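Right, one structure below, let's go through it.
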Amino acid sequence: MATEKTNSKTVSQTQGRKGRMALYILALFVLILAAVFAYNYAFIKGQLGIGTAYGARVACSCHYVGGRDLADCEKDFEPGMEVIGLSREDEKRRVTASVPLLASATAEFREGWGCVILTESEAN
């Protein structure tokens, strides 16, 4: 009866190849993901701009007109708006909604007008 000898060098080479293959697959996946993001960047940025403007306006109205806490106002957001963060400036009566590095919008409460979305130059 013949017995097969396993060479420890062969086993470690096979494991090394599997590890490199997994690394190549992971790198390919990350590259494809980055390419899809780059291809859709303008669309994503536009949608985030709309979402932050909506979020700023809703949160401003909720807080300064409705008198609710800003954290409570996040309940009024539509599904999918969880990535939008809110901050307020009480001395200027403003609420800013933002997605870091991608989009930001500011709404200001004006007596008789309600909450108004500000342009970039007005917000600064």
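Lettering and numbering for the structure tokens are positional, with chains as A, B, ... in the shown order, residues counted from 1 in each chain, and ligands counted from 1 in the shown order.
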
Practice task
List the neighbours of stretch 101-117 of chain A out to 6 Å using only C-alpha atoms; skip same-chain residues closer than 2 positions along the sequence, and give me the result as a PyMOL selection string.
Solution key: chain A and resi 48-49+52-53+56-57+61+93-99

Problem - Selection: 12 Å around A:Asp69, only C-alpha atoms, excl. self and same-chain fewer than 5 positions, as number ranges by chain - result: A: 59-64, 74-76, 86-88, 95

Handout entry: DSSP alpha helix (DSSP H) residues within chain A, listed as a PyMOL selection string
Key = chain A and resi 8-39+41-60+70-73+120-123

Just the strand (DSSP E) stuff from chain A, please, per backbone DSSP, written as a compact mmCIF listing (two decimals) with N, CA, C and O atoms, in the first residue's frame.
```txt
# COMPACT_ATOMS: atom_id res chain seq x y z
N GLY A 85 -26.25 65.55 8.71
CA GLY A 85 -26.09 66.05 10.07
C GLY A 85 -26.62 67.48 10.18
O GLY A 85 -26.61 68.23 9.20
N LEU A 86 -27.08 67.85 11.35
CA LEU A 86 -27.64 69.18 11.57
C LEU A 86 -26.85 69.94 12.63
O LEU A 86 -26.37 69.35 13.59
N SER A 87 -26.75 71.25 12.44
CA SER A 87 -26.18 72.13 13.46
C SER A 87 -26.94 73.44 13.40
O SER A 87 -27.57 73.76 12.39
N ARG A 88 -26.90 74.20 14.50
CA ARG A 88 -27.66 75.44 14.52
C ARG A 88 -26.81 76.58 15.07
O ARG A 88 -25.86 76.36 15.82
N GLU A 89 -27.19 77.78 14.68
CA GLU A 89 -26.59 79.01 15.19
C GLU A 89 -27.75 79.83 15.76
O GLU A 89 -28.44 80.52 15.02
N ARG A 94 -30.22 80.22 12.52
CA ARG A 94 -29.90 79.42 11.33
C ARG A 94 -29.73 77.95 11.69
O ARG A 94 -29.29 77.61 12.77
N VAL A 95 -30.05 77.11 10.71
CA VAL A 95 -29.80 75.67 10.80
C VAL A 95 -29.03 75.27 9.56
O VAL A 95 -29.40 75.64 8.44
N THR A 96 -27.95 74.52 9.75
CA THR A 96 -27.15 74.03 8.64
C THR A 96 -27.24 72.51 8.59
O THR A 96 -27.05 71.84 9.61
N ALA A 97 -27.55 71.99 7.42
CA ALA A 97 -27.58 70.55 7.19
C ALA A 97 -26.40 70.23 6.28
O ALA A 97 -26.14 70.95 5.31
N SER A 98 -25.66 69.17 6.61
CA SER A 98 -24.47 68.87 5.81
C SER A 98 -24.16 67.38 5.77
O SER A 98 -24.54 66.62 6.66
N VAL A 99 -23.46 67.02 4.71
CA VAL A 99 -22.83 65.72 4.56
C VAL A 99 -21.35 66.04 4.39
O VAL A 99 -20.98 66.70 3.41
N ALA A 103 -21.67 68.03 0.63
CA ALA A 103 -22.74 69.02 0.44
C ALA A 103 -23.11 69.67 1.76
O ALA A 103 -22.95 69.09 2.83
N SER A 104 -23.60 70.92 1.65
CA SER A 104 -24.03 71.67 2.82
C SER A 104 -25.06 72.70 2.39
O SER A 104 -24.96 73.26 1.29
N ALA A 105 -26.04 72.98 3.25
CA ALA A 105 -27.04 74.02 2.98
C ALA A 105 -27.46 74.63 4.31
O ALA A 105 -27.50 73.95 5.34
N THR A 106 -27.76 75.94 4.27
CA THR A 106 -28.15 76.67 5.47
C THR A 106 -29.49 77.34 5.25
O THR A 106 -29.72 77.94 4.20
N ALA A 107 -30.36 77.25 6.26
CA ALA A 107 -31.66 77.93 6.23
C ALA A 107 -31.70 78.88 7.42
O ALA A 107 -31.23 78.56 8.50
N GLU A 108 -32.26 80.07 7.19
CA GLU A 108 -32.34 81.10 8.23
C GLU A 108 -33.79 81.50 8.45
O GLU A 108 -34.53 81.69 7.48
N PHE A 109 -34.17 81.64 9.72
CA PHE A 109 -35.53 82.08 10.04
C PHE A 109 -35.59 83.59 9.92
O PHE A 109 -34.80 84.31 10.52
N ARG A 110 -36.55 84.07 9.12
CA ARG A 110 -36.77 85.51 8.95
C ARG A 110 -38.22 85.79 9.30
O ARG A 110 -39.13 85.17 8.76
N GLY A 114 -40.59 83.14 7.36
CA GLY A 114 -40.32 81.76 7.76
C GLY A 114 -38.86 81.42 7.52
O GLY A 114 -38.00 82.30 7.59
N CYS A 115 -38.58 80.19 7.23
CA CYS A 115 -37.21 79.76 6.98
C CYS A 115 -36.88 79.84 5.49
O CYS A 115 -37.63 79.34 4.66
N VAL A 116 -35.75 80.45 5.21
CA VAL A 116 -35.32 80.69 3.83
C VAL A 116 -33.95 80.06 3.62
O VAL A 116 -33.05 80.22 4.45
N ILE A 117 -33.79 79.33 2.51
CA ILE A 117 -32.49 78.76 2.16
C ILE A 117 -31.57 79.89 1.73
O ILE A 117 -31.93 80.73 0.91
```
